[in-house]
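This is entry_23.pdb (PDB, C-alpha atoms).
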ATOM      1  CA  MET A  21      15.196  -0.654   8.073
ATOM      2  CA  LEU A  22      14.380  -2.757  11.135
ATOM      3  CA  VAL A  23      16.445  -5.805  12.038
ATOM      4  CA  LYS A  24      15.787  -8.720  14.384
ATOM      5  CA  GLY A  25      18.557 -10.032  16.564
ATOM      6  CA  LYS A  26      19.482 -11.678  19.853
ATOM      7  CA  ILE A  27      21.190 -10.162  22.876
ATOM      8  CA  THR A  28      24.533 -11.958  22.985
ATOM      9  CA  GLN A  29      26.184  -9.854  25.687
ATOM     10  CA  TRP A  30      24.877  -7.462  28.323
ATOM     11  CA  ASP A  31      26.574  -5.690  31.235
ATOM     12  CA  ASP A  32      23.841  -4.165  33.385
ATOM     13  CA  ASP A  33      26.282  -2.276  35.615
ATOM     14  CA  LYS A  34      27.758  -0.476  32.614
ATOM     15  CA  GLY A  35      24.480  -0.279  30.714
ATOM     16  CA  PHE A  36      25.550  -1.680  27.370
ATOM     17  CA  GLY A  37      25.948  -4.889  25.412
ATOM     18  CA  PHE A  38      25.849  -6.377  21.932
ATOM     19  CA  ILE A  39      23.211  -7.752  19.564
ATOM     20  CA  GLN A  40      23.792 -10.448  16.966
ATOM     21  CA  PRO A  41      21.407 -10.298  13.966
ATOM     22  CA  LEU A  42      19.302 -13.428  13.435
ATOM     23  CA  LEU A  43      20.295 -13.394   9.779
ATOM     24  CA  LYS A  44      23.869 -12.927   8.648
ATOM     25  CA  GLY A  45      25.651  -9.762   9.666
ATOM     26  CA  GLU A  46      28.049  -8.451  12.280
ATOM     27  CA  ARG A  47      27.015  -7.838  15.859
ATOM     28  CA  VAL A  48      26.161  -4.295  16.876
ATOM     29  CA  PHE A  49      26.698  -2.291  20.042
ATOM     30  CA  VAL A  50      23.615  -1.402  22.097
ATOM     31  CA  HIS A  51      23.405   1.158  24.910
ATOM     32  CA  ILE A  52      20.706   1.216  27.548
ATOM     33  CA  LYS A  53      19.457   4.546  26.192
ATOM     34  CA  ALA A  54      18.542   2.814  22.928
ATOM     35  CA  LEU A  55      15.952   0.644  24.719
ATOM     36  CA  GLN A  56      12.412   1.862  24.216
ATOM     37  CA  ASN A  57      11.341   0.060  27.393
ATOM     38  CA  ARG A  58      13.805   0.912  30.156
ATOM     39  CA  SER A  59      11.697  -0.621  32.918
ATOM     40  CA  ARG A  60      13.240  -4.016  32.114
ATOM     41  CA  ARG A  61      16.739  -5.149  31.314
ATOM     42  CA  PRO A  62      17.883  -7.377  28.437
ATOM     43  CA  VAL A  63      18.837 -10.977  29.128
ATOM     44  CA  MET A  64      21.124 -13.263  27.158
ATOM     45  CA  GLY A  65      19.412 -14.778  24.125
ATOM     46  CA  GLU A  66      16.450 -12.392  24.181
ATOM     47  CA  VAL A  67      15.085 -11.428  20.766
ATOM     48  CA  VAL A  68      14.843  -7.718  19.961
ATOM     49  CA  THR A  69      13.993  -5.538  16.993
ATOM     50  CA  TYR A  70      16.177  -2.522  16.257
ATOM     51  CA  ALA A  71      17.275   0.041  13.719
ATOM     52  CA  ILE A  72      20.917   0.339  12.726
ATOM     53  CA  GLY A  73      22.879   3.547  13.119
ATOM     54  CA  LYS A  74      26.486   4.589  13.456
ATOM     55  CA  ASP A  75      28.428   6.384  16.157
ATOM     56  CA  GLU A  76      30.846   9.243  15.591
ATOM     57  CA  GLN A  77      33.589   6.788  14.635
ATOM     58  CA  GLY A  78      31.378   5.116  12.029
ATOM     59  CA  ARG A  79      30.844   1.937  14.061
ATOM     60  CA  LEU A  80      27.477   0.166  14.011
ATOM     61  CA  GLN A  81      25.110   0.583  16.929
ATOM     62  CA  ALA A  82      21.514  -0.403  17.623
ATOM     63  CA  LEU A  83      18.846   2.306  17.893
ATOM     64  CA  GLN A  84      15.195   2.234  19.019
ATOM     65  CA  VAL A  85      15.520  -1.274  20.435
ATOM     66  CA  THR A  86      12.209  -3.046  21.120
ATOM     67  CA  PHE A  87      11.814  -6.335  22.997
ATOM     68  CA  ALA A  88       9.977  -9.151  21.213
ATOM     69  CA  GLY A  89       6.229  -8.976  21.795
ATOM     70  CA  GLU A  90       6.217  -5.272  22.650
ATOM     71  CA  LYS A  91       4.767  -2.522  20.514
ATOM     72  CA  ARG A  92       7.174  -0.167  18.837
ATOM     73  CA  LYS A  93       6.904   3.452  19.895
ATOM     74  CA  ILE A  94       7.691   6.444  17.728
ATOM     75  CA  LYS A  95       9.836   8.667  19.877
ATOM     76  CA  ALA A  96       9.980  12.374  19.405
ATOM     77  CA  ALA A  97      13.422  13.914  19.624
ATOM     78  CA  LYS A  98      14.333  14.704  23.193
ATOM     79  CA  HIS A  99      15.669  18.093  24.049
ATOM     80  CA  ALA A 100      17.697  18.927  27.099
ATOM     81  CA  THR A 101      15.680  20.495  29.888
ATOM     82  CA  THR A 102      16.647  24.007  30.869
ATOM     83  CA  TRP A 103      16.383  23.768  34.654
ATOM     84  CA  PRO A 104      19.945  22.390  35.138
ATOM     85  CA  LEU A 105      21.352  25.371  33.231
ATOM     86  CA  TRP A 106      19.322  27.861  35.290
ATOM     87  CA  CYS A 107      20.342  26.068  38.484
ATOM     88  CA  VAL A 108      24.040  26.287  37.602
ATOM     89  CA  LEU A 109      23.716  29.924  36.544
ATOM     90  CA  ALA A 110      21.951  30.819  39.803
ATOM     91  CA  PHE A 111      24.687  29.052  41.758
ATOM     92  CA  ALA A 112      27.392  30.910  39.810
ATOM     93  CA  VAL A 113      25.666  34.258  40.437
ATOM     94  CA  GLY A 114      25.363  33.442  44.133
ATOM     95  CA  LEU A 115      29.067  32.590  44.388
ATOM     96  CA  SER A 116      30.047  35.740  42.508
ATOM     97  CA  ALA A 117      27.883  37.893  44.776
ATOM     98  CA  ALA A 118      29.367  36.265  47.877
ATOM     99  CA  VAL A 119      32.891  36.977  46.636
ATOM    100  CA  ALA A 120      31.973  40.577  45.757
ATOM    101  CA  MET A 121      30.624  41.109  49.275
ATOM    102  CA  ALA A 122      33.735  39.484  50.774
ATOM    103  CA  LYS A 123      31.686  36.610  52.176
ATOM    104  CA  LEU A 124      33.737  34.006  50.334
ATOM    105  CA  PRO A 125      37.350  33.973  49.106
ATOM    106  CA  LEU A 126      37.956  34.258  45.361
ATOM    107  CA  TYR A 127      39.440  30.786  45.071
ATOM    108  CA  VAL A 128      36.080  29.147  45.847
ATOM    109  CA  PRO A 129      34.296  29.959  42.553
ATOM    110  CA  LEU A 130      37.535  29.287  40.666
ATOM    111  CA  ILE A 131      37.713  25.783  42.182
ATOM    112  CA  TYR A 132      34.059  25.131  41.344
ATOM    113  CA  ALA A 133      34.590  26.311  37.763
ATOM    114  CA  GLY A 134      37.670  24.163  37.265
ATOM    115  CA  LEU A 135      36.142  21.052  38.806
ATOM    116  CA  SER A 136      32.935  21.529  36.818
ATOM    117  CA  VAL A 137      34.772  21.720  33.497
ATOM    118  CA  PHE A 138      36.855  18.694  34.437
ATOM    119  CA  THR A 139      33.762  16.715  35.499
ATOM    120  CA  PHE A 140      31.845  17.644  32.336
ATOM    121  CA  MET A 141      34.753  16.388  30.232
ATOM    122  CA  ALA A 142      34.891  13.173  32.283
ATOM    123  CA  TYR A 143      31.201  12.551  31.518
ATOM    124  CA  TRP A 144      31.793  13.284  27.828
ATOM    125  CA  LEU A 145      34.737  10.893  27.679
ATOM    126  CA  ASP A 146      32.817   8.190  29.556
ATOM    127  CA  LYS A 147      29.925   8.438  27.100
ATOM    128  CA  ARG A 148      32.280   8.054  24.138
ATOM    129  CA  LYS A 149      33.811   4.987  25.789
ATOM    130  CA  ALA A 150      30.342   3.535  26.358
ATOM    131  CA  GLN A 151      29.432   4.030  22.702
ATOM    132  CA  ALA A 152      32.683   2.377  21.642
ATOM    133  CA  GLY A 153      32.325  -0.521  24.078
ATOM    134  CA  GLN A 154      35.565   0.416  25.810
ATOM    135  CA  TRP A 155      36.591   0.345  29.471
ATOM    136  CA  ARG A 156      34.419   2.828  31.374
ATOM    137  CA  THR A 157      35.177   5.416  34.040
ATOM    138  CA  PRO A 158      33.964   3.982  37.393
ATOM    139  CA  GLU A 159      30.752   5.572  38.612
ATOM    140  CA  SER A 160      32.397   6.097  42.010
ATOM    141  CA  THR A 161      34.978   8.355  40.317
ATOM    142  CA  LEU A 162      32.270  10.488  38.702
ATOM    143  CA  GLN A 163      30.410  10.712  42.013
ATOM    144  CA  PHE A 164      33.569  11.709  43.901
ATOM    145  CA  MET A 165      34.328  14.471  41.404
ATOM    146  CA  ALA A 166      30.796  15.810  41.872
ATOM    147  CA  LEU A 167      31.125  15.632  45.650
ATOM    148  CA  LEU A 168      34.350  17.655  45.559
ATOM    149  CA  GLY A 169      32.594  20.475  43.711
ATOM    150  CA  GLY A 170      32.165  19.355  40.126
ATOM    151  CA  TRP A 171      28.421  18.766  40.504
ATOM    152  CA  PRO A 172      27.445  21.821  38.382
ATOM    153  CA  GLY A 173      29.395  20.370  35.455
ATOM    154  CA  ALA A 174      27.927  16.926  36.114
ATOM    155  CA  LEU A 175      24.416  18.364  36.166
ATOM    156  CA  LEU A 176      24.947  20.000  32.787
ATOM    157  CA  ALA A 177      26.490  16.825  31.371
ATOM    158  CA  GLN A 178      23.550  14.720  32.501
ATOM    159  CA  SER A 179      21.156  17.119  30.793
ATOM    160  CA  TYR A 180      22.970  18.042  27.586
ATOM    161  CA  LEU A 181      25.010  14.899  26.969
ATOM    162  CA  ARG A 182      22.126  12.664  28.109
ATOM    163  CA  HIS A 183      24.613  10.608  30.097
ATOM    164  CA  LYS A 184      23.931   9.070  33.520
ATOM    165  CA  SER A 185      20.550  10.773  33.428
ATOM    166  CA  GLN A 186      18.345   7.671  33.663
ATOM    167  CA  LYS A 187      19.858   5.470  36.364
ATOM    168  CA  ARG A 188      17.850   6.257  39.498
ATOM    169  CA  ALA A 189      20.373   4.787  41.943
ATOM    170  CA  PHE A 190      23.193   6.842  40.418
ATOM    171  CA  LEU A 191      21.136  10.042  40.525
ATOM    172  CA  GLN A 192      20.174   9.499  44.161
ATOM    173  CA  VAL A 193      23.830   9.258  45.159
ATOM    174  CA  PHE A 194      24.656  12.231  42.926
ATOM    175  CA  TYR A 195      22.048  14.537  44.500
ATOM    176  CA  LEU A 196      23.132  13.460  47.974
ATOM    177  CA  GLY A 197      26.731  14.295  47.093
ATOM    178  CA  ALA A 198      25.722  17.719  45.737
ATOM    179  CA  LEU A 199      23.783  18.411  48.942
ATOM    180  CA  LEU A 200      26.767  17.459  51.092
ATOM    181  CA  ASN A 201      28.962  19.722  48.996
ATOM    182  CA  LEU A 202      26.585  22.648  49.527
ATOM    183  CA  ILE A 203      26.565  21.954  53.277
ATOM    184  CA  ALA A 204      30.366  22.050  53.242
ATOM    185  CA  LEU A 205      30.220  25.332  51.315
ATOM    186  CA  ALA A 206      27.866  26.808  53.902
ATOM    187  CA  TRP A 207      30.282  25.741  56.651
ATOM    188  CA  LEU A 208      33.183  27.353  54.768
ATOM    189  CA  HIS A 209      31.148  30.532  54.451
ATOM    190  CA  SER A 210      30.457  30.615  58.198
ATOM    191  CA  GLN A 211      34.124  30.043  59.002
ATOM    192  CA  HIS A 212      35.173  32.778  56.597
ATOM    193  CA  MET A 213      32.716  35.237  58.134
ATOM    194  CA  LEU A 214      33.822  34.272  61.630
ATOM    195  CA  SER A 215      37.498  34.834  60.836
ATOM    196  CA  ALA A 216      36.658  38.115  59.093
ATOM    197  CA  GLY A 217      34.747  39.263  62.175
ATOM    198  CA  ILE A 218      37.593  38.329  64.508
ATOM    199  CA  GLY A 219      40.117  39.992  62.237
ATOM    200  CA  GLY A 220      38.024  43.163  62.156
TER     201      GLY A 220
END

Before we go any further, please render this structure as structure tokens.
Amino acid sequence: MLVKGKITQWDDDKGFGFIQPLLKGERVFVHIKALQNRSRRPVMGEVVTYAIGKDEQGRLQALQVTFAGEKRKIKAAKHATTWPLWCVLAFAVGLSAAVAMAKLPLYVPLIYAGLSVFTFMAYWLDKRKAQAGQWRTPESTLQFMALLGGWPGALLAQSYLRHKSQKRAFLQVFYLGALLNLIALAWLHSQHMLSAGIGG
């Protein structure tokens, strides 16, 4: 069933807010991903139409939110793209091959694996907080974790958790951080090879 309501609270930096039904009823949480038109942002008092769903904790949330005057679109279920997984797998194979050929020390892939798991969990926890309307993990923290080497885990989280996968500004900083990390890895590789050559 579709419901009409007004945006009573919206935090554009965090990408969520709340909707109060026009008729009686309790307000519901709304996340930016529930908007059918993401080219614009909600403003206070704006009328929207939405379906009601529940999160994993059973709390109400708005789904398929449409701004007043806009046509409702029937969305097909989105599936995670496979390229992030293939990218991470290729990177893991490359690291493993480099270690096997003594071109990188063993601790390098172990650090990447640990940071990636930690970063993936940070994304998962941040998404749950967003759905619950709780205090969020700062985006700068997520970006720093990716820069340190957790970008493979972040890439998988963006694809499979559908979190932080739509904000263009965030993604631009993320890809820049991943590139800088790979440059640092290439430098580490050259230093390792240089020391191995001198030692030999």

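You can rank A:Pro104, A:Lys184, A:Phe138, A:Pro62 by their closest distance to A:Pro158 using all atoms listed in the file, and at the top of that list sits A:Lys184.
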
* Please write the residues picked by the PyMOL selection byres ((chain A and resi 162) around 10) on this file as a VMD selection string. => chain A and resid 139 to 140 142 to 143 146 157 to 161 163 to 167 170 to 171 174 184 190 194

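Taking atom CA of A:Met141 and atom CA of A:His183 as the two end points, the separation is 11.7 Å.
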
Please build the interface table for stretch 138-219 of chain A against stretch 41-52 of chain A with a cut-off of 12 Å, listing for each qualifying residue the nearest atom pair and the distance in Å to one decimal; count all atoms listed in the file, order rows by chain and increasing number, and write it as a Markdown table.
| residue | atom | partner | partner_atom | distance |
| --- | --- | --- | --- | --- |
| A:Lys147 | CA | A:His51 | CA | 10.0 |
| A:Arg148 | CA | A:His51 | CA | 11.3 |
| A:Lys149 | CA | A:His51 | CA | 11.1 |
| A:Ala150 | CA | A:His51 | CA | 7.5 |
| A:Gln151 | CA | A:His51 | CA | 7.0 |
| A:Ala152 | CA | A:Phe49 | CA | 7.8 |
| A:Gly153 | CA | A:Phe49 | CA | 7.1 |
| A:Gln154 | CA | A:Phe49 | CA | 10.9 |
| A:Arg182 | CA | A:Ile52 | CA | 11.5 |
| A:His183 | CA | A:Ile52 | CA | 10.5 |
| A:Lys184 | CA | A:Ile52 | CA | 10.4 |
| A:Ser185 | CA | A:Ile52 | CA | 11.2 |
| A:Gln186 | CA | A:Ile52 | CA | 9.2 |
| A:Lys187 | CA | A:Ile52 | CA | 9.8 |

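Considering the residues A:His212, A:Cys107, A:Met21, A:Val68 and counting only C-alpha atoms, A:Ala122 has its shortest atom-to-atom contact with A:His212.
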
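Compared by their closest atoms to A:Trp144, and using only C-alpha atoms, the residues A:Leu208, A:Ala177, A:Met213, A:Ala54 rank with A:Ala177 nearest.
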
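Atom pair atom CA of A:Leu55 / atom CA of A:Trp155: separated by 21.2 Å.
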
Could you add N, CA and C atoms to stretch 187-218 of chain A and give me the result as a PDB file, in the coordinates of the input?
ATOM      1  N   LYS A 187      19.670   6.446  35.290  1.00  0.00           N
ATOM      2  CA  LYS A 187      19.858   5.470  36.364  1.00  0.00           C
ATOM      3  C   LYS A 187      19.489   6.104  37.706  1.00  0.00           C
ATOM      4  N   ARG A 188      18.372   5.641  38.276  1.00  0.00           N
ATOM      5  CA  ARG A 188      17.850   6.257  39.498  1.00  0.00           C
ATOM      6  C   ARG A 188      18.827   6.147  40.664  1.00  0.00           C
ATOM      7  N   ALA A 189      19.449   4.979  40.822  1.00  0.00           N
ATOM      8  CA  ALA A 189      20.373   4.787  41.943  1.00  0.00           C
ATOM      9  C   ALA A 189      21.554   5.749  41.838  1.00  0.00           C
ATOM     10  N   PHE A 190      22.071   5.927  40.623  1.00  0.00           N
ATOM     11  CA  PHE A 190      23.193   6.842  40.418  1.00  0.00           C
ATOM     12  C   PHE A 190      22.782   8.272  40.753  1.00  0.00           C
ATOM     13  N   LEU A 191      21.602   8.674  40.294  1.00  0.00           N
ATOM     14  CA  LEU A 191      21.136  10.042  40.525  1.00  0.00           C
ATOM     15  C   LEU A 191      20.886  10.314  42.001  1.00  0.00           C
ATOM     16  N   GLN A 192      20.402   9.318  42.730  1.00  0.00           N
ATOM     17  CA  GLN A 192      20.174   9.499  44.161  1.00  0.00           C
ATOM     18  C   GLN A 192      21.484   9.792  44.885  1.00  0.00           C
ATOM     19  N   VAL A 193      22.519   9.023  44.555  1.00  0.00           N
ATOM     20  CA  VAL A 193      23.830   9.258  45.159  1.00  0.00           C
ATOM     21  C   VAL A 193      24.383  10.608  44.718  1.00  0.00           C
ATOM     22  N   PHE A 194      24.170  10.950  43.447  1.00  0.00           N
ATOM     23  CA  PHE A 194      24.656  12.231  42.926  1.00  0.00           C
ATOM     24  C   PHE A 194      24.047  13.413  43.669  1.00  0.00           C
ATOM     25  N   TYR A 195      22.718  13.417  43.826  1.00  0.00           N
ATOM     26  CA  TYR A 195      22.048  14.537  44.500  1.00  0.00           C
ATOM     27  C   TYR A 195      22.445  14.616  45.977  1.00  0.00           C
ATOM     28  N   LEU A 196      22.664  13.460  46.585  1.00  0.00           N
ATOM     29  CA  LEU A 196      23.132  13.460  47.974  1.00  0.00           C
ATOM     30  C   LEU A 196      24.521  14.075  48.061  1.00  0.00           C
ATOM     31  N   GLY A 197      25.388  13.727  47.109  1.00  0.00           N
ATOM     32  CA  GLY A 197      26.731  14.295  47.093  1.00  0.00           C
ATOM     33  C   GLY A 197      26.712  15.801  46.876  1.00  0.00           C
ATOM     34  N   ALA A 198      25.837  16.275  45.978  1.00  0.00           N
ATOM     35  CA  ALA A 198      25.722  17.719  45.737  1.00  0.00           C
ATOM     36  C   ALA A 198      25.239  18.435  46.985  1.00  0.00           C
ATOM     37  N   LEU A 199      24.287  17.814  47.706  1.00  0.00           N
ATOM     38  CA  LEU A 199      23.783  18.411  48.942  1.00  0.00           C
ATOM     39  C   LEU A 199      24.881  18.504  49.996  1.00  0.00           C
ATOM     40  N   LEU A 200      25.665  17.444  50.124  1.00  0.00           N
ATOM     41  CA  LEU A 200      26.767  17.459  51.092  1.00  0.00           C
ATOM     42  C   LEU A 200      27.796  18.525  50.726  1.00  0.00           C
ATOM     43  N   ASN A 201      28.024  18.696  49.440  1.00  0.00           N
ATOM     44  CA  ASN A 201      28.962  19.722  48.996  1.00  0.00           C
ATOM     45  C   ASN A 201      28.456  21.115  49.358  1.00  0.00           C
ATOM     46  N   LEU A 202      27.163  21.348  49.186  1.00  0.00           N
ATOM     47  CA  LEU A 202      26.585  22.648  49.527  1.00  0.00           C
ATOM     48  C   LEU A 202      26.626  22.891  51.039  1.00  0.00           C
ATOM     49  N   ILE A 203      26.456  21.828  51.816  1.00  0.00           N
ATOM     50  CA  ILE A 203      26.565  21.954  53.277  1.00  0.00           C
ATOM     51  C   ILE A 203      27.992  22.342  53.655  1.00  0.00           C
ATOM     52  N   ALA A 204      28.964  21.711  52.985  1.00  0.00           N
ATOM     53  CA  ALA A 204      30.366  22.050  53.242  1.00  0.00           C
ATOM     54  C   ALA A 204      30.658  23.492  52.838  1.00  0.00           C
ATOM     55  N   LEU A 205      30.037  23.948  51.755  1.00  0.00           N
ATOM     56  CA  LEU A 205      30.220  25.332  51.315  1.00  0.00           C
ATOM     57  C   LEU A 205      29.634  26.310  52.338  1.00  0.00           C
ATOM     58  N   ALA A 206      28.478  25.964  52.874  1.00  0.00           N
ATOM     59  CA  ALA A 206      27.866  26.808  53.902  1.00  0.00           C
ATOM     60  C   ALA A 206      28.751  26.880  55.145  1.00  0.00           C
ATOM     61  N   TRP A 207      29.365  25.754  55.497  1.00  0.00           N
ATOM     62  CA  TRP A 207      30.282  25.741  56.651  1.00  0.00           C
ATOM     63  C   TRP A 207      31.500  26.617  56.367  1.00  0.00           C
ATOM     64  N   LEU A 208      32.037  26.526  55.145  1.00  0.00           N
ATOM     65  CA  LEU A 208      33.183  27.353  54.768  1.00  0.00           C
ATOM     66  C   LEU A 208      32.814  28.832  54.839  1.00  0.00           C
ATOM     67  N   HIS A 209      31.619  29.155  54.399  1.00  0.00           N
ATOM     68  CA  HIS A 209      31.148  30.532  54.451  1.00  0.00           C
ATOM     69  C   HIS A 209      31.089  31.034  55.885  1.00  0.00           C
ATOM     70  N   SER A 210      30.559  30.195  56.795  1.00  0.00           N
ATOM     71  CA  SER A 210      30.457  30.615  58.198  1.00  0.00           C
ATOM     72  C   SER A 210      31.825  30.795  58.824  1.00  0.00           C
ATOM     73  N   GLN A 211      32.772  29.927  58.468  1.00  0.00           N
ATOM     74  CA  GLN A 211      34.124  30.043  59.002  1.00  0.00           C
ATOM     75  C   GLN A 211      34.825  31.286  58.476  1.00  0.00           C
ATOM     76  N   HIS A 212      34.574  31.594  57.212  1.00  0.00           N
ATOM     77  CA  HIS A 212      35.173  32.778  56.597  1.00  0.00           C
ATOM     78  C   HIS A 212      34.635  34.045  57.257  1.00  0.00           C
ATOM     79  N   MET A 213      33.331  34.081  57.505  1.00  0.00           N
ATOM     80  CA  MET A 213      32.716  35.237  58.134  1.00  0.00           C
ATOM     81  C   MET A 213      33.192  35.381  59.575  1.00  0.00           C
ATOM     82  N   LEU A 214      33.355  34.243  60.241  1.00  0.00           N
ATOM     83  CA  LEU A 214      33.822  34.272  61.630  1.00  0.00           C
ATOM     84  C   LEU A 214      35.233  34.815  61.707  1.00  0.00           C
ATOM     85  N   SER A 215      36.122  34.344  60.824  1.00  0.00           N
ATOM     86  CA  SER A 215      37.498  34.834  60.836  1.00  0.00           C
ATOM     87  C   SER A 215      37.566  36.300  60.432  1.00  0.00           C
ATOM     88  N   ALA A 216      36.684  36.714  59.492  1.00  0.00           N
ATOM     89  CA  ALA A 216      36.658  38.115  59.093  1.00  0.00           C
ATOM     90  C   ALA A 216      36.204  38.990  60.244  1.00  0.00           C
ATOM     91  N   GLY A 217      35.242  38.495  61.025  1.00  0.00           N
ATOM     92  CA  GLY A 217      34.747  39.263  62.175  1.00  0.00           C
ATOM     93  C   GLY A 217      35.801  39.391  63.262  1.00  0.00           C
ATOM     94  N   ILE A 218      36.535  38.278  63.488  1.00  0.00           N
ATOM     95  CA  ILE A 218      37.593  38.329  64.508  1.00  0.00           C
ATOM     96  C   ILE A 218      38.719  39.248  64.060  1.00  0.00           C
TER      97      ILE A 218
END
